[in-house]
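Here's start.pdb, which has PDB, C-alpha atoms:
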```pdb
MODEL        1
ATOM      1  CA  ILE E   1      -6.959  49.093 -75.669
ATOM      2  CA  VAL E   2      -3.198  49.518 -75.750
ATOM      3  CA  THR E   3      -0.558  50.005 -78.422
ATOM      4  CA  VAL E   4       2.326  47.524 -78.386
ATOM      5  CA  LYS E   5       5.167  46.692 -80.736
ATOM      6  CA  ASP E   6       4.204  44.396 -83.597
ATOM      7  CA  GLY E   7       6.700  41.692 -82.647
ATOM      8  CA  TYR E   8       5.455  41.579 -79.050
ATOM      9  CA  ALA E   9       1.864  41.221 -80.274
ATOM     10  CA  ARG E  10       2.624  38.620 -82.985
ATOM     11  CA  ASN E  11       5.093  36.520 -81.003
ATOM     12  CA  PHE E  12       3.678  36.631 -77.482
ATOM     13  CA  LEU E  13       0.320  38.279 -76.793
ATOM     14  CA  LEU E  14      -1.700  36.828 -79.678
ATOM     15  CA  PRO E  15      -0.353  33.215 -79.575
ATOM     16  CA  GLN E  16      -0.782  33.103 -75.763
ATOM     17  CA  LYS E  17      -4.365  34.424 -76.125
ATOM     18  CA  LYS E  18      -3.521  37.294 -73.786
ATOM     19  CA  ALA E  19      -4.808  39.901 -76.272
ATOM     20  CA  LEU E  20      -6.824  40.347 -79.482
ATOM     21  CA  TRP E  21      -6.438  42.740 -82.397
ATOM     22  CA  ALA E  22      -8.423  45.902 -81.674
ATOM     23  CA  SER E  23     -10.845  45.394 -84.568
ATOM     24  CA  GLN E  24     -14.432  46.618 -84.191
ATOM     25  CA  ALA E  25     -15.751  43.009 -84.058
ATOM     26  CA  ASN E  26     -13.301  42.082 -81.264
ATOM     27  CA  ILE E  27     -14.115  45.274 -79.318
ATOM     28  CA  ASP E  28     -17.859  44.524 -79.540
ATOM     29  CA  ALA E  29     -17.322  40.895 -78.453
ATOM     30  CA  PHE E  30     -15.213  42.062 -75.496
ATOM     31  CA  GLU E  31     -17.827  44.599 -74.418
ATOM     32  CA  SER E  32     -20.558  41.912 -74.446
ATOM     33  CA  ASP E  33     -18.339  39.545 -72.383
ATOM     34  CA  LYS E  34     -17.030  42.256 -70.075
ATOM     35  CA  ALA E  35     -19.669  41.712 -67.359
ATOM     36  CA  GLN E  36     -18.971  37.952 -67.288
ATOM     37  CA  LEU E  37     -15.204  38.542 -67.164
ATOM     38  CA  GLU E  38     -15.567  41.011 -64.295
ATOM     39  CA  ALA E  39     -17.833  38.590 -62.393
ATOM     40  CA  ARG E  40     -15.343  35.740 -62.929
ATOM     41  CA  ASN E  41     -12.480  38.011 -61.813
ATOM     42  CA  LEU E  42     -14.398  38.990 -58.670
ATOM     43  CA  GLU E  43     -15.082  35.328 -57.917
ATOM     44  CA  THR E  44     -11.436  34.312 -58.319
ATOM     45  CA  LYS E  45     -10.365  37.312 -56.207
ATOM     46  CA  THR E  46     -12.759  36.263 -53.441
ATOM     47  CA  GLU E  47     -11.370  32.714 -53.520
ATOM     48  CA  ALA E  48      -7.829  34.092 -53.481
ATOM     49  CA  ASP E  49      -8.650  36.306 -50.488
ATOM     50  CA  ALA E  50     -10.005  33.314 -48.575
ATOM     51  CA  LEU E  51      -6.877  31.254 -49.380
ATOM     52  CA  ALA E  52      -4.616  34.187 -48.488
ATOM     53  CA  ASP E  53      -6.268  34.454 -45.058
ATOM     54  CA  ARG E  54      -5.471  30.797 -44.362
ATOM     55  CA  LEU E  55      -2.008  30.899 -45.968
ATOM     56  CA  ASN E  56      -0.651  34.155 -44.465
ATOM     57  CA  GLY E  57       1.949  33.519 -41.780
ATOM     58  CA  GLN E  58       2.132  29.756 -42.354
ATOM     59  CA  GLN E  59       5.549  28.142 -41.882
ATOM     60  CA  PHE E  60       6.676  25.226 -44.032
ATOM     61  CA  ILE E  61       9.712  23.046 -43.313
ATOM     62  CA  VAL E  62      12.145  22.133 -46.097
ATOM     63  CA  ILE E  63      14.905  19.641 -45.221
ATOM     64  CA  ARG E  64      18.163  20.109 -47.168
ATOM     65  CA  GLN E  65      21.816  19.111 -46.835
ATOM     66  CA  ALA E  66      24.105  21.957 -45.815
ATOM     67  CA  SER E  67      27.654  22.661 -44.693
ATOM     68  CA  ASP E  68      28.615  23.339 -41.068
ATOM     69  CA  SER E  69      28.553  27.073 -41.831
ATOM     70  CA  GLY E  70      24.908  26.805 -42.923
ATOM     71  CA  SER E  71      25.345  27.110 -46.706
ATOM     72  CA  LEU E  72      23.080  24.792 -48.690
ATOM     73  CA  TYR E  73      24.416  22.346 -51.257
ATOM     74  CA  GLY E  74      22.114  23.799 -53.927
ATOM     75  CA  SER E  75      19.173  26.110 -53.254
ATOM     76  CA  VAL E  76      15.488  26.088 -52.371
ATOM     77  CA  THR E  77      13.440  26.824 -55.502
ATOM     78  CA  THR E  78       9.908  27.975 -56.244
ATOM     79  CA  ARG E  79       8.983  24.342 -56.884
ATOM     80  CA  ASP E  80      10.189  23.355 -53.382
ATOM     81  CA  ALA E  81       8.080  26.112 -51.806
ATOM     82  CA  ALA E  82       5.004  25.129 -53.842
ATOM     83  CA  ASP E  83       5.489  21.433 -52.995
ATOM     84  CA  ALA E  84       5.814  22.193 -49.269
ATOM     85  CA  ALA E  85       2.585  24.247 -49.329
ATOM     86  CA  THR E  86       0.762  21.584 -51.369
ATOM     87  CA  GLU E  87       1.815  18.826 -48.939
ATOM     88  CA  ALA E  88       0.304  20.915 -46.135
ATOM     89  CA  GLY E  89      -3.037  21.001 -47.966
ATOM     90  CA  PHE E  90      -2.856  24.331 -49.810
ATOM     91  CA  SER E  91      -3.345  24.563 -53.565
ATOM     92  CA  VAL E  92      -0.262  26.500 -54.708
ATOM     93  CA  ASP E  93       1.420  26.368 -58.116
ATOM     94  CA  ARG E  94       5.137  27.066 -58.466
ATOM     95  CA  LYS E  95       4.322  29.910 -60.878
ATOM     96  CA  GLN E  96       2.563  31.676 -58.012
ATOM     97  CA  VAL E  97       5.679  31.628 -55.795
ATOM     98  CA  VAL E  98       7.777  34.813 -55.915
ATOM     99  CA  LEU E  99      11.336  34.571 -54.583
ATOM    100  CA  THR E 100      13.019  37.962 -54.192
ATOM    101  CA  ALA E 101      16.426  36.248 -53.860
ATOM    102  CA  PRO E 102      17.576  32.623 -54.104
ATOM    103  CA  ILE E 103      17.458  30.719 -50.812
ATOM    104  CA  LYS E 104      20.975  29.329 -50.376
ATOM    105  CA  ASP E 105      21.381  29.014 -46.612
ATOM    106  CA  LEU E 106      19.692  27.562 -43.547
ATOM    107  CA  GLY E 107      17.205  29.638 -41.610
ATOM    108  CA  LEU E 108      13.783  31.252 -41.863
ATOM    109  CA  HIS E 109      13.007  32.930 -45.196
ATOM    110  CA  LYS E 110       9.963  35.015 -46.184
ATOM    111  CA  VAL E 111       8.344  34.025 -49.495
ATOM    112  CA  ILE E 112       5.515  35.768 -51.362
ATOM    113  CA  ILE E 113       2.696  33.725 -52.929
ATOM    114  CA  GLN E 114       0.811  35.655 -55.631
ATOM    115  CA  LEU E 115      -2.642  34.063 -55.568
ATOM    116  CA  HIS E 116      -4.273  36.688 -57.800
ATOM    117  CA  PRO E 117      -2.981  39.862 -59.494
ATOM    118  CA  GLU E 118      -4.464  41.810 -56.576
ATOM    119  CA  VAL E 119      -3.926  39.271 -53.744
ATOM    120  CA  ASP E 120      -0.612  38.208 -52.189
ATOM    121  CA  ALA E 121       0.136  36.004 -49.196
ATOM    122  CA  GLU E 122       3.386  35.783 -47.233
ATOM    123  CA  ILE E 123       4.665  32.453 -45.959
ATOM    124  CA  GLU E 124       7.843  31.456 -44.155
ATOM    125  CA  MET E 125      10.182  28.712 -45.351
ATOM    126  CA  ASN E 126      12.044  26.985 -42.497
ATOM    127  CA  VAL E 127      15.116  25.527 -44.220
ATOM    128  CA  ALA E 128      16.976  23.062 -41.977
ATOM    129  CA  ARG E 129      19.093  19.892 -42.065
ATOM    130  CA  SER E 130      16.692  17.930 -39.832
ATOM    131  CA  ASP E 131      13.316  18.215 -38.138
ATOM    132  CA  GLU E 132      15.065  18.872 -34.805
ATOM    133  CA  GLU E 133      16.961  21.829 -36.302
ATOM    134  CA  ALA E 134      13.740  23.110 -37.848
ATOM    135  CA  GLU E 135      12.080  23.082 -34.407
ATOM    136  CA  LEU E 136      15.003  25.016 -32.913
ATOM    137  CA  GLN E 137      14.868  27.567 -35.729
ATOM    138  CA  ALA E 138      11.126  27.971 -35.246
ATOM    139  CA  LYS E 139      11.844  28.879 -31.603
ATOM    140  CA  GLY E 140      14.287  31.563 -32.768
ATOM    141  CA  VAL E 141      17.612  29.743 -32.370
ATOM    142  CA  ASN E 142      20.162  30.538 -35.083
ATOM    143  CA  ILE E 143      21.678  27.167 -36.069
ATOM    144  CA  ALA E 144      24.937  28.620 -37.443
ATOM    145  CA  ASP E 145      25.538  30.533 -34.186
ATOM    146  CA  GLN E 146      24.565  27.462 -32.156
ATOM    147  CA  ASN E 147      27.086  25.301 -34.081
ATOM    148  CA  ALA E 148      29.818  27.908 -33.538
ATOM    149  CA  GLU E 149      29.045  27.995 -29.799
ATOM    150  CA  ASP E 150      29.090  24.175 -29.616
ATOM    151  CA  GLU E 151      32.466  24.052 -31.384
ATOM    152  CA  ALA E 152      33.912  26.720 -29.071
ATOM    153  CA  ALA E 153      32.640  24.811 -26.017
ATOM    154  CA  ALA E 154      34.168  21.559 -27.338
ATOM    155  CA  ASP E 155      37.515  23.289 -27.995
ATOM    156  CA  LEU E 156      37.481  24.767 -24.481
ATOM    157  CA  GLU E 157      36.708  21.362 -22.973
ATOM    158  CA  ILE E 158      39.586  19.755 -24.887
ATOM    159  CA  ALA E 159      41.960  22.544 -23.827
ATOM    160  CA  GLU E 160      40.921  22.112 -20.175
ATOM    161  CA  LEU E 161      41.438  18.342 -20.430
ATOM    162  CA  PHE E 162      44.951  18.794 -21.794
ATOM    163  CA  ASP E 163      45.696  21.328 -19.060
ATOM    164  CA  GLU E 164      44.540  18.823 -16.421
ATOM    165  CA  ILE E 165      46.658  16.021 -17.939
ATOM    166  CA  GLY E 166      49.698  18.307 -18.122
ATOM    167  CA  ALA E 167      49.216  19.428 -14.505
ATOM    168  CA  ALA E 168      48.847  15.816 -13.331
ATOM    169  CA  GLU E 169      52.083  14.780 -15.066
ATOM    170  CA  LEU E 170      53.871  17.773 -13.593
ATOM    171  CA  ASP E 171      52.651  16.864 -10.097
ATOM    172  CA  GLU E 172      53.805  13.274 -10.613
ATOM    173  CA  LEU E 173      57.275  14.383 -11.618
ATOM    174  CA  GLU E 174      57.548  16.773  -8.672
ATOM    175  CA  GLN E 175      56.444  14.120  -6.175
ATOM    176  CA  GLY E 176      58.652  11.339  -7.530
ATOM    177  CA  GLY E 177      61.658  13.581  -7.953
ATOM    178  CA  ASP E 178      64.557  12.145  -9.950
ATOM    179  CA  GLU E 179      64.127   8.645  -8.471
ATOM    180  CA  ALA E 180      61.521   7.487 -10.957
ATOM    181  CA  PRO E 181      63.668   8.108 -14.046
ATOM    182  CA  ALA E 182      66.678   6.459 -12.327
ATOM    183  CA  GLU E 183      64.622   3.357 -11.479
ATOM    184  CA  GLU E 184      63.356   3.153 -15.064
ATOM    185  CA  ALA E 185      66.928   3.366 -16.384
ATOM    186  CA  GLU E 186      68.065   0.545 -14.037
ATOM    187  CA  ALA E 187      65.139  -1.655 -15.159
ATOM    188  CA  GLU E 188      66.043  -1.064 -18.819
ATOM    189  CA  GLU E 189      69.710  -1.970 -18.140
ATOM    190  CA  ALA E 190      68.656  -5.197 -16.402
ATOM    191  CA  GLU E 191      66.484  -6.192 -19.377
ATOM    192  CA  GLY E 192      69.420  -5.472 -21.714
ATOM    193  CA  ASP E 193      71.713  -7.751 -19.620
ATOM    194  CA  GLU E 194      69.212 -10.612 -19.754
ATOM    195  CA  GLU E 195      68.945 -10.397 -23.526
ATOM    196  CA  GLU E 196      72.752 -10.615 -23.911
ATOM    197  CA  SER E 197      73.162 -13.811 -21.833
TER
ENDMDL
END
```
Starting from the file, lay out its structure as structure tokens.
Amino acid sequence: IVTVKDGYARNFLLPQKKALWASQANIDAFESDKAQLEARNLETKTEADALADRLNGQQFIVIRQASDSGSLYGSVTTRDAADAATEAGFSVDRKQVVLTAPIKDLGLHKVIIQLHPEVDAEIEMNVARSDEEAELQAKGVNIADQNAEDEAAADLEIAELFDEIGAAELDELEQGGDEAPAEEAEAEEAEGDEEES
């Protein structure tokens, strides 16, 4: 028996059937049903414990579009987490999923599933752009760092290629001396004479 504000009782608790007025008739009815309610609660808690044992530590993959930096175009919601668990064969409602913060980037994220007021399970959401990325993330590879390393390696390769091309041209000029440009100039003059005649 608790005391609440009238508006809270009238507008929420009573219409949602979460509470009854504390009249003597209602108190007597509750006392007679109390044993059944406790038995039902114990049964649902036992079922929740069994599901929590199977669900704890499970990892579910969610494929989403994201930028190169790893930021999602949108976010992963409680519905997405519940759907991923349901597809894997677990009976989870989105109302049972508790997100401490919105999931807005790629990676592994811990999510709490509240199966019963006294029973929680912790799952891991593997948010990736593809199944291949999800496998890498599951092995502990950070995709954002991996992309940055790949870009740096590509930039280095391009820089080395340009250095090689520049060195080759320099060698060509040093070996040919000034003769090559003189020959090219003579060939251009000869073509110009032919066009005039």
Inset, instruction - Quote the spacing between CA of Ala84 in chain E and CA of Val97 in chain E in Å to one decimal place. - result: 11.5 Å
Legend entry - Point-to-point distance in Å for CA of Gly74 in chain E and CA of Gly140 in chain E: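 Atom-to-atom, CA of Gly140 in chain E and CA of Gly74 in chain E are spaced 23.9 Å apart.
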Legend entry - Straight-line distance linking CA of Thr78 in chain E with CA of Asp93 in chain E, stated in Å to one decimal: 8.8 Å
Box for range 87-93 of chain E - axis-aligned, 6 Å on each of the six sides, all listed atoms - centre and size in Å to one decimal, as AutoDock Vina command-line options.
```
--center_x -0.8 --center_y 22.7 --center_z -52.1 --size_x 17.2 --size_y 19.7 --size_z 24.0
```
Report the residues retrieved by the PyMOL selection byres ((chain E and resi 102) around 9) from the displayed file, expressed as a compact mmCIF listing (two decimals) with C-alpha atoms, keeping the file's coordinate frame.
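The resulting result_2.txt:
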```txt
# COMPACT_ATOMS: atom_id res chain seq x y z
CA SER E 75 19.17 26.11 -53.25
CA VAL E 76 15.49 26.09 -52.37
CA THR E 77 13.44 26.82 -55.50
CA LEU E 99 11.34 34.57 -54.58
CA THR E 100 13.02 37.96 -54.19
CA ALA E 101 16.43 36.25 -53.86
CA ILE E 103 17.46 30.72 -50.81
CA LYS E 104 20.98 29.33 -50.38
```
Legend entry - Ala134 in chain E surroundings by only C-alpha atoms, 9 Å radius, close-in-sequence under 6 positions cut, as a list in words: Ile61, Val62, Ile63, Gly107, Asn126, Val127 and Ala128 of chain E
Inset, instruction - Would you translate the PyMOL selection byres ((chain E and resi 48) around 10) into the concrete set of residues it matches in this file, as JSON, numbers by chain? - result: {"E": [42, 43, 44, 45, 46, 47, 49, 50, 51, 52, 53, 54, 114, 115, 116, 117, 118, 119, 120, 121]}
Polymer residues at most 12 Å from (15.4, 26.9, -36.6) by only C-alpha atoms, as a short mmCIF file (atom, residue, chain, number, x, y, z; two decimals) with C-alpha atoms, in the coordinates of the input:
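Below is the file out35.cif, written as the result:
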```
data_model
loop_
_atom_site.label_atom_id
_atom_site.label_comp_id
_atom_site.auth_asym_id
_atom_site.auth_seq_id
_atom_site.Cartn_x
_atom_site.Cartn_y
_atom_site.Cartn_z
CA GLN E 59 5.55 28.14 -41.88
CA PHE E 60 6.68 25.23 -44.03
CA ILE E 61 9.71 23.05 -43.31
CA VAL E 62 12.14 22.13 -46.10
CA ILE E 63 14.90 19.64 -45.22
CA GLY E 70 24.91 26.80 -42.92
CA ASP E 105 21.38 29.01 -46.61
CA LEU E 106 19.69 27.56 -43.55
CA GLY E 107 17.20 29.64 -41.61
CA LEU E 108 13.78 31.25 -41.86
CA HIS E 109 13.01 32.93 -45.20
CA GLU E 124 7.84 31.46 -44.16
CA MET E 125 10.18 28.71 -45.35
CA ASN E 126 12.04 26.98 -42.50
CA VAL E 127 15.12 25.53 -44.22
CA ALA E 128 16.98 23.06 -41.98
CA ARG E 129 19.09 19.89 -42.06
CA SER E 130 16.69 17.93 -39.83
CA ASP E 131 13.32 18.22 -38.14
CA GLU E 132 15.06 18.87 -34.80
CA GLU E 133 16.96 21.83 -36.30
CA ALA E 134 13.74 23.11 -37.85
CA GLU E 135 12.08 23.08 -34.41
CA LEU E 136 15.00 25.02 -32.91
CA GLN E 137 14.87 27.57 -35.73
CA ALA E 138 11.13 27.97 -35.25
CA LYS E 139 11.84 28.88 -31.60
CA GLY E 140 14.29 31.56 -32.77
CA VAL E 141 17.61 29.74 -32.37
CA ASN E 142 20.16 30.54 -35.08
CA ILE E 143 21.68 27.17 -36.07
CA ALA E 144 24.94 28.62 -37.44
CA ASP E 145 25.54 30.53 -34.19
CA GLN E 146 24.56 27.46 -32.16
#
```
Inset, instruction - Starting from the displayed file, determine the output of the PyMOL selection byres ((chain E and resi 112) around 6) and express the residue list as an MDAnalysis selection string. - result: chainID E and resid 98 111 113 121:122
Contacts of range 19-27 of chain E within 8 Å, all atoms listed in the file, excl. fewer than 6 positions in-chain, as a PDB file with C-alpha atoms, keeping the file's coordinate frame:
```
ATOM      1  CA  ILE E   1      -6.959  49.093 -75.669  1.00  0.00           C
ATOM      2  CA  ALA E   9       1.864  41.221 -80.274  1.00  0.00           C
ATOM      3  CA  LEU E  13       0.320  38.279 -76.793  1.00  0.00           C
TER       4      LEU E  13
END
```
Legend entry - Using all atoms listed in the file: which of E:Lys34, E:Gln58, E:Asp68, E:Lys18 has the shortest distance to Phe90 in chain E: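 Checking each candidate against Phe90 in chain E, we get E:Gln58 as the closest.
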